[in-house]
file final_29.cif (mmCIF, C-alpha atoms)
data_data
#
loop_
_atom_site.label_atom_id
_atom_site.label_comp_id
_atom_site.auth_asym_id
_atom_site.auth_seq_id
_atom_site.Cartn_x
_atom_site.Cartn_y
_atom_site.Cartn_z
CA MET P 1 134.82 85.41 5.88
CA THR P 2 133.28 86.04 9.30
CA LEU P 3 134.72 83.78 11.97
CA THR P 4 132.37 82.02 14.38
CA GLY P 5 132.75 82.89 18.05
CA MET P 6 133.87 86.14 19.65
CA GLN P 7 137.01 87.75 18.29
CA LEU P 8 139.63 87.85 21.05
CA THR P 9 140.34 91.49 20.13
CA THR P 10 136.87 92.23 21.54
CA TYR P 11 138.42 91.97 25.00
CA ALA P 12 140.70 94.93 25.60
CA ALA P 13 143.93 94.58 27.55
CA GLY P 14 144.08 96.24 30.96
CA THR P 15 140.30 96.58 31.31
CA PHE P 16 140.40 95.16 34.85
CA ALA P 17 142.79 96.04 37.65
CA LYS P 18 143.88 93.73 40.43
CA VAL P 19 143.47 94.67 44.09
CA PRO P 20 145.66 94.16 47.17
CA GLU P 21 145.49 90.58 48.41
CA HIS P 22 143.50 91.47 51.53
CA LEU P 23 140.72 92.85 49.26
CA ASP P 24 140.66 89.88 46.88
CA GLN P 25 137.22 88.73 48.10
CA GLU P 26 135.93 92.29 48.53
CA PRO P 27 137.31 94.14 45.50
CA ALA P 28 134.60 96.84 45.63
CA ARG P 29 136.28 98.15 48.78
CA SER P 30 139.30 99.15 46.71
CA PHE P 31 137.46 102.37 45.81
CA ASP P 32 134.80 104.58 47.39
CA LEU P 33 131.50 103.54 45.80
CA ALA P 34 129.54 106.17 47.72
CA GLU P 35 131.79 108.87 46.32
CA ARG P 36 131.40 107.50 42.79
CA LEU P 37 127.60 107.43 43.08
CA GLY P 38 127.30 110.87 44.58
CA GLU P 39 125.10 112.20 47.36
CA ARG P 40 121.87 112.27 45.33
CA VAL P 41 122.05 108.53 44.56
CA CYS P 42 123.07 107.73 48.13
CA ALA P 43 120.15 109.82 49.40
CA TRP P 44 117.82 107.89 47.09
CA LEU P 45 119.16 104.62 48.50
CA ARG P 46 118.59 105.92 52.04
CA ASP P 47 115.09 107.24 51.39
CA ASP P 48 113.70 104.64 48.98
CA ARG P 49 115.70 101.55 49.87
CA GLY P 50 116.06 101.97 53.61
CA LEU P 51 119.82 102.55 53.76
CA LYS P 52 120.57 103.94 57.18
CA ALA P 53 122.60 107.10 57.45
CA GLY P 54 126.29 106.26 57.61
CA ALA P 55 125.72 102.67 56.48
CA ASP P 56 127.81 101.02 53.78
CA VAL P 57 126.32 101.74 50.36
CA LEU P 58 127.55 98.31 49.19
CA GLU P 59 124.78 96.76 51.29
CA LEU P 60 122.20 97.98 48.75
CA SER P 61 124.29 97.90 45.59
CA SER P 62 121.96 95.23 44.20
CA SER P 63 119.23 97.91 43.98
CA ILE P 64 121.19 100.25 41.75
CA PRO P 65 120.08 100.23 38.06
CA MET P 66 122.54 99.93 35.20
CA ARG P 67 122.01 103.50 34.00
CA VAL P 68 123.50 104.76 37.28
CA PHE P 69 126.53 102.46 37.08
CA GLU P 70 127.10 103.44 33.43
CA ALA P 71 127.09 107.14 34.30
CA ARG P 72 129.15 106.98 37.48
CA THR P 73 131.47 103.95 37.51
CA SER P 74 133.92 102.26 35.17
CA LEU P 75 133.48 98.76 33.77
CA ASP P 76 136.16 97.60 36.18
CA GLU P 77 134.37 99.09 39.18
CA LEU P 78 131.00 97.67 38.14
CA CYS P 79 132.46 94.17 37.86
CA LYS P 80 134.09 94.53 41.27
CA VAL P 81 130.73 95.43 42.79
CA LYS P 82 129.08 92.49 40.99
CA HIS P 83 131.83 90.13 42.15
CA GLN P 84 131.27 91.16 45.76
CA CYS P 85 127.47 91.32 45.70
CA LYS P 86 125.85 88.34 47.41
CA PHE P 87 122.50 88.72 45.67
CA MET P 88 121.11 89.12 42.16
CA MET P 89 121.57 92.70 41.09
CA ASP P 90 118.97 94.97 39.51
CA HIS P 91 117.37 93.40 36.43
CA SER P 92 118.96 96.01 34.16
CA VAL P 93 122.43 95.10 35.47
CA GLU P 94 121.84 91.37 35.03
CA GLU P 95 120.66 92.00 31.47
CA ALA P 96 123.74 94.12 30.74
CA PHE P 97 125.98 91.26 31.86
CA LYS P 98 124.24 89.02 29.35
CA ALA P 99 124.40 91.51 26.48
CA ASP P 100 127.87 93.05 26.75
CA PRO P 101 130.64 90.67 25.56
CA THR P 102 133.19 91.79 28.14
CA LEU P 103 130.73 91.61 31.04
CA ARG P 104 129.49 88.25 29.75
CA LEU P 105 133.03 86.89 29.78
CA ILE P 106 133.51 87.92 33.41
CA GLN P 107 130.15 86.32 34.26
CA LYS P 108 131.07 83.06 32.50
CA VAL P 109 134.42 82.87 34.33
CA GLY P 110 132.59 83.07 37.65
CA SER P 111 129.94 80.60 36.48
CA SER P 112 132.60 78.12 35.40
CA MET P 113 134.26 78.26 38.81
CA TRP P 114 130.93 77.56 40.48
CA ARG P 115 129.80 74.80 38.11
CA TRP P 116 133.18 73.07 38.23
CA GLY P 117 133.88 72.64 41.93
CA CYS P 118 131.30 74.95 43.58
CA GLY P 119 134.06 77.47 44.17
CA ARG P 120 134.06 81.24 44.16
CA GLY P 121 137.41 82.52 43.01
CA GLY P 122 138.96 85.75 44.16
CA TRP P 123 138.87 88.90 42.05
CA ASN P 124 142.55 88.72 41.11
CA GLU P 125 142.23 85.25 39.61
CA THR P 126 139.21 86.47 37.65
CA VAL P 127 141.47 89.16 36.17
CA ASP P 128 144.11 86.51 35.40
CA ALA P 129 141.46 84.38 33.66
CA TYR P 130 140.26 87.34 31.57
CA GLU P 131 143.81 88.20 30.50
CA GLY P 132 144.53 84.53 29.73
CA ILE P 133 141.49 84.20 27.49
CA ARG P 134 142.09 87.41 25.58
CA SER P 135 145.80 86.63 25.01
CA PHE P 136 145.45 83.01 23.84
CA GLU P 137 147.13 82.10 20.53
CA ILE P 138 147.34 78.72 18.83
CA GLY P 139 150.95 79.41 17.86
CA HIS P 140 150.83 79.38 14.05
CA PRO P 141 150.19 82.39 11.75
CA ALA P 142 147.82 80.39 9.51
CA PHE P 143 145.40 79.87 12.40
CA GLU P 144 143.20 82.25 14.39
CA ALA P 145 141.33 81.60 17.62
CA THR P 146 138.00 83.00 18.79
CA PHE P 147 136.16 82.50 22.08
CA ASP P 148 132.88 80.74 22.80
CA HIS P 149 131.10 79.37 25.86
CA SER P 150 128.13 77.29 26.95
CA THR P 151 124.70 78.90 27.06
CA GLY P 152 123.25 80.24 30.31
CA TYR P 153 125.09 78.92 33.34
CA ASN P 154 125.62 75.40 31.95
CA GLU P 155 128.85 73.57 32.76
CA ARG P 156 128.84 71.98 29.27
CA GLY P 157 126.62 71.72 26.21
CA TYR P 158 126.02 73.58 22.96
CA SER P 159 127.83 76.89 22.74
CA GLU P 160 126.24 80.30 22.51
CA HIS P 161 127.88 81.69 19.37
CA SER P 162 128.65 78.69 17.15
CA ARG P 163 126.36 75.91 18.47
CA THR P 164 129.42 73.71 18.97
CA PHE P 165 129.02 71.01 21.61
CA LEU P 166 131.45 71.78 24.44
CA ASP P 167 132.70 69.32 27.05
CA GLY P 168 133.40 72.27 29.35
CA ALA P 169 132.01 75.72 30.04
CA LEU P 170 134.46 77.65 27.85
CA ALA P 171 136.23 77.15 24.52
CA PHE P 172 138.61 78.49 21.96
CA LEU P 173 137.47 77.89 18.39
CA VAL P 174 140.52 77.54 16.14
CA HIS P 175 140.04 78.62 12.51
CA TYR P 176 142.07 77.82 9.40
CA LYS P 177 141.40 79.87 6.26
CA GLY P 178 138.33 81.26 7.99
CA GLU P 179 136.85 77.86 8.81
CA HIS P 180 136.37 76.49 12.34
CA VAL P 181 138.54 73.34 12.36
CA LEU P 182 139.44 72.66 16.01
CA THR P 183 137.70 73.12 19.37
CA VAL P 184 139.75 73.59 22.53
CA GLY P 185 137.24 73.21 25.35
CA PHE P 186 138.08 73.94 28.97
CA SER P 187 136.70 75.03 32.32
CA LEU P 188 138.09 77.19 35.10
CA MET P 189 138.02 76.18 38.76
CA ALA P 190 138.60 78.38 41.77
CA GLY P 191 142.18 78.38 43.00
CA ARG P 192 143.59 79.17 39.53
CA ARG P 193 142.98 75.73 38.05
CA LEU P 194 142.29 75.19 34.36
CA LEU P 195 140.75 71.92 33.17
CA LEU P 196 141.48 71.03 29.54
CA GLN P 197 138.49 68.94 28.45
CA GLN P 198 138.37 69.02 24.67
CA VAL P 199 140.89 68.93 21.83
CA GLN P 200 138.56 67.96 19.00
CA ALA P 201 138.59 68.41 15.24
CA LYS P 202 135.37 69.95 13.96
CA SER P 203 135.14 67.41 11.15
CA ARG P 204 135.94 63.70 11.11
CA THR P 205 137.46 63.90 7.64
CA GLY P 206 139.43 66.30 5.45
CA ASN P 207 141.67 67.59 8.23
CA ARG P 208 144.80 68.33 6.23
CA TRP P 209 145.28 71.47 8.33
CA MET P 210 146.58 69.17 11.07
CA PHE P 211 149.89 68.81 9.18
CA LYS P 212 150.62 72.48 9.90
CA LEU P 213 150.50 71.99 13.68
CA PRO P 214 152.70 69.71 15.82
CA ARG P 215 151.72 66.08 15.55
CA ASN P 216 150.89 65.80 19.25
CA LEU P 217 147.96 68.23 19.47
CA THR P 218 147.36 67.65 23.18
CA GLU P 219 150.96 68.56 24.02
CA HIS P 220 150.82 71.62 21.76
CA VAL P 221 147.52 72.85 23.22
CA LEU P 222 148.91 72.44 26.75
CA ASP P 223 151.92 74.55 25.70
CA ARG P 224 149.65 77.30 24.39
CA LEU P 225 147.44 77.26 27.48
CA ALA P 226 150.50 77.41 29.71
CA ALA P 227 151.71 80.48 27.81
CA ALA P 228 148.32 82.24 28.09
CA PHE P 229 147.63 81.24 31.72
CA PRO P 230 151.05 81.31 33.44
CA ASN P 231 149.51 81.58 36.92
CA HIS P 232 147.12 78.65 36.51
CA ALA P 233 147.67 74.99 37.32
CA LEU P 234 146.69 72.89 34.31
CA PHE P 235 144.77 69.62 34.36
CA VAL P 236 143.82 67.41 31.42
CA ALA P 237 140.63 65.35 31.39
CA ASP P 238 140.56 61.58 31.13
CA GLY P 239 139.58 60.80 27.53
CA GLY P 240 137.73 57.64 28.53
CA ASP P 241 135.64 59.57 31.04
CA LEU P 242 134.80 62.20 28.41
CA ILE P 243 133.61 59.53 25.99
CA GLY P 244 131.66 57.88 28.81
CA GLU P 245 129.87 61.16 29.51
CA THR P 246 129.12 61.61 25.81
CA LEU P 247 127.84 58.05 25.52
CA ALA P 248 125.54 58.59 28.50
CA SER P 249 124.16 61.73 26.83
CA TYR P 250 123.57 59.90 23.54
CA ARG P 251 121.88 57.00 25.34
CA ARG P 252 119.55 59.42 27.09
CA GLY P 253 118.73 60.90 23.69
CA LEU P 254 118.11 57.43 22.25
CA ARG P 255 115.75 56.57 25.11
CA ALA P 256 113.82 59.82 24.63
CA ALA P 257 113.54 59.22 20.87
CA THR P 258 112.39 55.64 21.48
CA GLU P 259 109.70 56.82 23.89
CA ASP P 260 108.60 59.51 21.45
CA SER P 261 108.37 56.91 18.69
CA ALA P 262 106.19 54.68 20.88
CA ARG P 263 103.85 57.57 21.65
CA ALA P 264 103.59 58.39 17.94
CA ARG P 265 102.73 54.76 17.09
CA LYS P 266 99.97 54.73 19.70
CA ALA P 267 98.53 57.93 18.24
CA LEU P 268 98.57 56.34 14.78
CA GLU P 269 96.77 53.26 16.08
CA ARG P 270 93.84 55.55 16.88
CA ASP P 271 94.10 57.48 13.63
CA PRO P 272 96.47 56.10 10.94
CA LYS P 273 96.17 59.33 8.92
CA ASP P 274 97.10 61.67 11.78
CA GLU P 275 99.62 63.98 10.09
CA ARG P 276 101.19 65.07 13.36
CA GLY P 277 101.64 61.46 14.46
CA LEU P 278 103.18 60.51 11.10
CA ARG P 279 105.58 63.45 11.31
CA ARG P 280 106.55 62.63 14.91
CA LEU P 281 107.13 58.99 14.02
CA ALA P 282 109.39 59.90 11.09
CA GLU P 283 111.34 62.41 13.17
CA SER P 284 111.76 60.07 16.13
CA ARG P 285 112.93 57.24 13.88
CA ALA P 286 115.48 59.56 12.29
CA GLU P 287 116.67 60.63 15.75
CA ARG P 288 116.99 56.98 16.80
CA ARG P 289 119.19 56.26 13.77
CA THR P 290 121.31 59.31 14.48
CA PHE P 291 121.85 58.43 18.14
CA LYS P 292 122.60 54.80 17.28
CA ASP P 293 125.22 55.93 14.76
CA LYS P 294 126.75 58.31 17.31
CA ILE P 295 126.85 55.62 20.00
CA ALA P 296 128.55 53.18 17.63
CA HIS P 297 131.06 55.84 16.58
CA CYS P 298 131.84 56.74 20.21
CA LYS P 299 132.40 53.11 21.16
CA ALA P 300 134.71 52.57 18.21
CA ASP P 301 136.60 55.79 18.93
CA LEU P 302 136.98 55.29 22.68
CA PRO P 303 140.50 53.71 22.64
CA ARG P 304 141.84 56.33 20.22
CA ILE P 305 140.44 59.30 22.13
CA ALA P 306 141.52 57.95 25.52
CA ALA P 307 145.05 57.54 24.14
CA ALA P 308 145.04 61.01 22.57
CA TYR P 309 144.26 62.78 25.85
CA ALA P 310 146.77 60.66 27.75
CA ALA P 311 149.48 61.46 25.16
CA SER P 312 150.59 64.70 26.79
CA GLY P 313 154.13 64.45 25.42
CA ARG P 314 156.78 65.93 27.68
CA HIS P 315 154.05 67.10 30.07
CA ALA P 316 153.97 64.41 32.76
CA LEU P 317 150.56 63.77 34.30
CA GLY P 318 150.25 63.61 38.08
CA GLN P 319 147.56 63.31 40.72
CA THR P 320 143.87 62.87 39.93
CA LEU P 321 141.24 65.53 40.44
CA LYS P 322 137.65 64.34 40.00
CA VAL P 323 135.05 67.00 39.24
CA ASN P 324 131.48 66.49 38.00
CA GLY P 325 132.17 62.80 37.57
CA LEU P 326 135.20 63.35 35.31
CA ARG P 327 138.77 62.53 36.25
CA HIS P 328 141.40 65.13 35.43
CA TYR P 329 145.15 64.70 35.77
CA ALA P 330 147.52 67.38 37.00
CA VAL P 331 149.96 68.55 34.33
CA LEU P 332 153.53 68.54 35.67
CA SER P 333 155.97 70.40 33.47
CA ASP P 334 158.32 73.35 33.22
CA ALA P 335 156.62 74.64 30.07
CA GLY P 336 155.33 77.75 31.83
CA ALA P 337 152.41 76.26 33.71
CA ARG P 338 152.33 76.47 37.48
CA THR P 339 152.88 72.99 38.87
CA ALA P 340 149.54 71.58 39.93
CA ALA P 341 149.34 70.81 43.63
#
call {"tool": "encode", "arguments": {"input": "final_29.cif", "output": "structure tokens"}}
result
Amino acid sequence: MTLTGMQLTTYAAGTFAKVPEHLDQEPARSFDLAERLGERVCAWLRDDRGLKAGADVLELSSSIPMRVFEARTSLDELCKVKHQCKFMMDHSVEEAFKADPTLRLIQKVGSSMWRWGCGRGGWNETVDAYEGIRSFEIGHPAFEATFDHSTGYNERGYSEHSRTFLDGALAFLVHYKGEHVLTVGFSLMAGRRLLLQQVQAKSRTGNRWMFKLPRNLTEHVLDRLAAAFPNHALFVADGGDLIGETLASYRRGLRAATEDSARARKALERDPKDERGLRRLAESRAERRTFKDKIAHCKADLPRIAAAYAASGRHALGQTLKVNGLRHYAVLSDAGARTAA
């Protein structure tokens, strides 16, 4: 059975190398880009792109097409140039970062840091994040994890590979017997901070797989994240705030469906046999029922979910960090996670 999400084995170990601390914000200076490109490419940049003789080739790296990078630099070097570049790169490079799974992962790490806190992390923490994602394990041989993320540059929303709704930008999809059963959603902030924002069963019923994992799932997931991201400070989201955000989203959907239903009724007043109006009315009414059911379920589940996220076991929760309207609590433990400051 094909698992949903990206297999973690897609991301090879040691693909990216760290740089000395003084080059953390300028990792492309850890190698000679002009030497890698060669004199012919540098001459083209000088003649066609106005690069002055003796000037730093990095100034016009955004003009270099992907075919040149592919031929003359490694994946590591390309990502270092992209990390340092202040502008959109050539269209072919931007498209490559969308299409290649490894490049896409690096892009999503940077996007998460920006969307959650408007930060721009250093290169070395990007490498730590990549290694953390590729090395994550749920800690039981009967389960396997894959990786997924929000579409585009969204901080949350439906995921790209499995269409799972994520409360953060990134996620591990945990599978049991080939079936996606648990979503571990999270986001990364600059300063090596990881925000755990989702520990959610895929289905509301039939979750006998839970008996194979420790009873306190939040505590167990924090243990596994601490093992995969030893250099990151961990934070766990406030369950009540998460439900509040979900409720707000459902209410917006209910309002939109209600407005669509009203427009359809007006159209049918003019022509009761209008097939498009009849179809829109039926669809909007179905959407209204769905959103009403979801809102009722969220309200009923709020106390349970709030308690589940707060039940961090031996991991004490400390100071509050509020990002994008959601409170997160610093995880204080000796389980391998760096103490959140």
call {"tool": "residues_around", "arguments": {"input": "final_29.cif", "residues": "P:Ile243", "least_positions_apart": "3", "cutoff": "9 Å", "atoms": "only C-alpha atoms", "output": "ChimeraX atom specification"}}
result
/P:238-240,246-248,298-299,301-302,305-306
call {"tool": "closest_residue", "arguments": {"input": "final_29.cif", "among": "P:Thr290, P:Gln198, P:Ser187, P:Ser162", "to": "P:Ile133", "atoms": "all atoms listed in the file"}}
result
P:Ser187
call {"tool": "atom_distance", "arguments": {"input": "final_29.cif", "atom1": "atom CA of P:Asn124", "atom2": "atom CA of P:Asp100"}}
result
21.0 Å
call {"tool": "resolve_selection", "arguments": {"input": "final_29.cif", "expression": "the PyMOL selection byres ((chain P and resi 152) around 12)", "output": "MDAnalysis selection string"}}
result
chainID P and resid 97:99 104:105 107:108 111:112 115 149:151 153:161 169:170
call {"tool": "write_last_selection", "arguments": {"input": "final_29.cif", "atoms": "C-alpha atoms", "output": "short mmCIF file (atom, residue, chain, number, x, y, z; two decimals), in the frame of the given file"}}
result
data_model
loop_
_atom_site.label_atom_id
_atom_site.label_comp_id
_atom_site.auth_asym_id
_atom_site.auth_seq_id
_atom_site.Cartn_x
_atom_site.Cartn_y
_atom_site.Cartn_z
CA PHE P 97 125.98 91.26 31.86
CA LYS P 98 124.24 89.02 29.35
CA ALA P 99 124.40 91.51 26.48
CA ARG P 104 129.49 88.25 29.75
CA LEU P 105 133.03 86.89 29.78
CA GLN P 107 130.15 86.32 34.26
CA LYS P 108 131.07 83.06 32.50
CA SER P 111 129.94 80.60 36.48
CA SER P 112 132.60 78.12 35.40
CA ARG P 115 129.80 74.80 38.11
CA HIS P 149 131.10 79.37 25.86
CA SER P 150 128.13 77.29 26.95
CA THR P 151 124.70 78.90 27.06
CA TYR P 153 125.09 78.92 33.34
CA ASN P 154 125.62 75.40 31.95
CA GLU P 155 128.85 73.57 32.76
CA ARG P 156 128.84 71.98 29.27
CA GLY P 157 126.62 71.72 26.21
CA TYR P 158 126.02 73.58 22.96
CA SER P 159 127.83 76.89 22.74
CA GLU P 160 126.24 80.30 22.51
CA HIS P 161 127.88 81.69 19.37
CA ALA P 169 132.01 75.72 30.04
CA LEU P 170 134.46 77.65 27.85
#
call {"tool": "residues_around", "arguments": {"input": "final_29.cif", "residues": "stretch 63-69 of chain P", "least_positions_apart": "4", "cutoff": "12 Å", "atoms": "only C-alpha atoms", "output": "ChimeraX atom specification"}}
result
/P:33-34,36-38,40-42,44-46,48-51,57-59,73-82,85,87-97
call {"tool": "residues_around", "arguments": {"input": "final_29.cif", "residues": "stretch 211-222 of chain P", "least_positions_apart": "6", "cutoff": "12 Å", "atoms": "all atoms listed in the file", "output": "ChimeraX atom specification"}}
result
/P:136-143,172,174,176,182-186,194-201,228-230,232-237,239,305-317,330-338
call {"tool": "resolve_selection", "arguments": {"input": "final_29.cif", "expression": "the PyMOL selection byres ((chain P and resi 284) around 10)", "output": "number ranges by chain"}}
result
P: 254, 256-264, 278-283, 285-290
call {"tool": "resolve_selection", "arguments": {"input": "final_29.cif", "expression": "the PyMOL selection byres ((chain P and resi 20-29) around 6)", "output": "PDB file with C-alpha atoms, in the frame of the given file"}}
result
ATOM      1  CA  VAL P  19     143.470  94.670  44.090  1.00  0.00           C
ATOM      2  CA  SER P  30     139.300  99.150  46.710  1.00  0.00           C
ATOM      3  CA  PHE P  31     137.460 102.370  45.810  1.00  0.00           C
ATOM      4  CA  LYS P  80     134.090  94.530  41.270  1.00  0.00           C
ATOM      5  CA  VAL P  81     130.730  95.430  42.790  1.00  0.00           C
ATOM      6  CA  GLN P  84     131.270  91.160  45.760  1.00  0.00           C
ATOM      7  CA  GLY P 122     138.960  85.750  44.160  1.00  0.00           C
ATOM      8  CA  TRP P 123     138.870  88.900  42.050  1.00  0.00           C
TER       9      TRP P 123
END
call {"tool": "decode", "arguments": {"input": "final_29.cif", "residues": "stretch 126-192 of chain P", "atoms": "C-alpha atoms", "output": "PDB file, in the first residue's frame"}}
result
ATOM      1  CA  THR P 126      17.810  25.301   8.512  1.00  0.00           C
ATOM      2  CA  VAL P 127      20.193  22.329   8.324  1.00  0.00           C
ATOM      3  CA  ASP P 128      19.140  21.268  11.842  1.00  0.00           C
ATOM      4  CA  ALA P 129      15.478  21.465  10.798  1.00  0.00           C
ATOM      5  CA  TYR P 130      16.106  19.370   7.678  1.00  0.00           C
ATOM      6  CA  GLU P 131      17.948  16.700   9.678  1.00  0.00           C
ATOM      7  CA  GLY P 132      15.220  16.732  12.341  1.00  0.00           C
ATOM      8  CA  ILE P 133      12.456  16.175   9.806  1.00  0.00           C
ATOM      9  CA  ARG P 134      14.232  13.398   7.940  1.00  0.00           C
ATOM     10  CA  SER P 135      15.174  11.546  11.162  1.00  0.00           C
ATOM     11  CA  PHE P 136      11.774  11.667  12.911  1.00  0.00           C
ATOM     12  CA  GLU P 137      10.361   8.346  14.150  1.00  0.00           C
ATOM     13  CA  ILE P 138       7.161   7.703  16.080  1.00  0.00           C
ATOM     14  CA  GLY P 139       8.952   5.150  18.251  1.00  0.00           C
ATOM     15  CA  HIS P 140       7.088   1.918  17.476  1.00  0.00           C
ATOM     16  CA  PRO P 141       7.929  -0.621  14.721  1.00  0.00           C
ATOM     17  CA  ALA P 142       4.258  -1.004  13.725  1.00  0.00           C
ATOM     18  CA  PHE P 143       4.056   2.657  12.711  1.00  0.00           C
ATOM     19  CA  GLU P 144       5.697   4.662   9.924  1.00  0.00           C
ATOM     20  CA  ALA P 145       5.829   8.427   9.479  1.00  0.00           C
ATOM     21  CA  THR P 146       5.806  10.466   6.279  1.00  0.00           C
ATOM     22  CA  PHE P 147       6.095  14.223   5.777  1.00  0.00           C
ATOM     23  CA  ASP P 148       3.548  16.709   4.472  1.00  0.00           C
ATOM     24  CA  HIS P 149       3.115  20.479   4.505  1.00  0.00           C
ATOM     25  CA  SER P 150       0.655  23.246   3.706  1.00  0.00           C
ATOM     26  CA  THR P 151       0.247  24.360   0.111  1.00  0.00           C
ATOM     27  CA  GLY P 152       2.065  27.410  -1.236  1.00  0.00           C
ATOM     28  CA  TYR P 153       3.393  29.611   1.543  1.00  0.00           C
ATOM     29  CA  ASN P 154       0.398  29.146   3.860  1.00  0.00           C
ATOM     30  CA  GLU P 155       0.978  28.968   7.606  1.00  0.00           C
ATOM     31  CA  ARG P 156      -1.843  26.390   7.943  1.00  0.00           C
ATOM     32  CA  GLY P 157      -4.543  24.766   5.840  1.00  0.00           C
ATOM     33  CA  TYR P 158      -4.976  21.707   3.638  1.00  0.00           C
ATOM     34  CA  SER P 159      -1.755  19.848   2.955  1.00  0.00           C
ATOM     35  CA  GLU P 160      -0.110  19.392  -0.405  1.00  0.00           C
ATOM     36  CA  HIS P 161       0.236  15.605  -0.569  1.00  0.00           C
ATOM     37  CA  SER P 162      -2.656  14.180   1.463  1.00  0.00           C
ATOM     38  CA  ARG P 163      -5.195  17.047   1.648  1.00  0.00           C
ATOM     39  CA  THR P 164      -5.114  16.777   5.440  1.00  0.00           C
ATOM     40  CA  PHE P 165      -6.064  19.964   7.278  1.00  0.00           C
ATOM     41  CA  LEU P 166      -2.999  21.171   9.189  1.00  0.00           C
ATOM     42  CA  ASP P 167      -2.998  23.561  12.135  1.00  0.00           C
ATOM     43  CA  GLY P 168       0.606  24.456  11.278  1.00  0.00           C
ATOM     44  CA  ALA P 169       2.814  24.698   8.209  1.00  0.00           C
ATOM     45  CA  LEU P 170       4.396  21.244   8.507  1.00  0.00           C
ATOM     46  CA  ALA P 171       3.314  17.761   9.562  1.00  0.00           C
ATOM     47  CA  PHE P 172       4.255  14.163  10.099  1.00  0.00           C
ATOM     48  CA  LEU P 173       1.586  11.731   8.944  1.00  0.00           C
ATOM     49  CA  VAL P 174       1.739   8.592  11.082  1.00  0.00           C
ATOM     50  CA  HIS P 175       0.610   5.365   9.393  1.00  0.00           C
ATOM     51  CA  TYR P 176      -0.471   2.039  10.873  1.00  0.00           C
ATOM     52  CA  LYS P 177      -0.750  -0.949   8.529  1.00  0.00           C
ATOM     53  CA  GLY P 178      -0.388   1.464   5.625  1.00  0.00           C
ATOM     54  CA  GLU P 179      -3.227   3.727   6.737  1.00  0.00           C
ATOM     55  CA  HIS P 180      -2.823   7.347   7.859  1.00  0.00           C
ATOM     56  CA  VAL P 181      -4.094   7.308  11.461  1.00  0.00           C
ATOM     57  CA  LEU P 182      -2.457  10.260  13.230  1.00  0.00           C
ATOM     58  CA  THR P 183      -1.378  13.774  12.227  1.00  0.00           C
ATOM     59  CA  VAL P 184       1.440  15.511  14.092  1.00  0.00           C
ATOM     60  CA  GLY P 185       1.278  19.111  12.915  1.00  0.00           C
ATOM     61  CA  PHE P 186       3.920  21.693  13.770  1.00  0.00           C
ATOM     62  CA  SER P 187       5.629  24.873  12.653  1.00  0.00           C
ATOM     63  CA  LEU P 188       9.200  26.097  12.899  1.00  0.00           C
ATOM     64  CA  MET P 189      10.138  29.559  14.135  1.00  0.00           C
ATOM     65  CA  ALA P 190      13.463  31.321  13.770  1.00  0.00           C
ATOM     66  CA  GLY P 191      15.761  30.866  16.742  1.00  0.00           C
ATOM     67  CA  ARG P 192      15.395  27.057  16.706  1.00  0.00           C
TER      68      ARG P 192
END
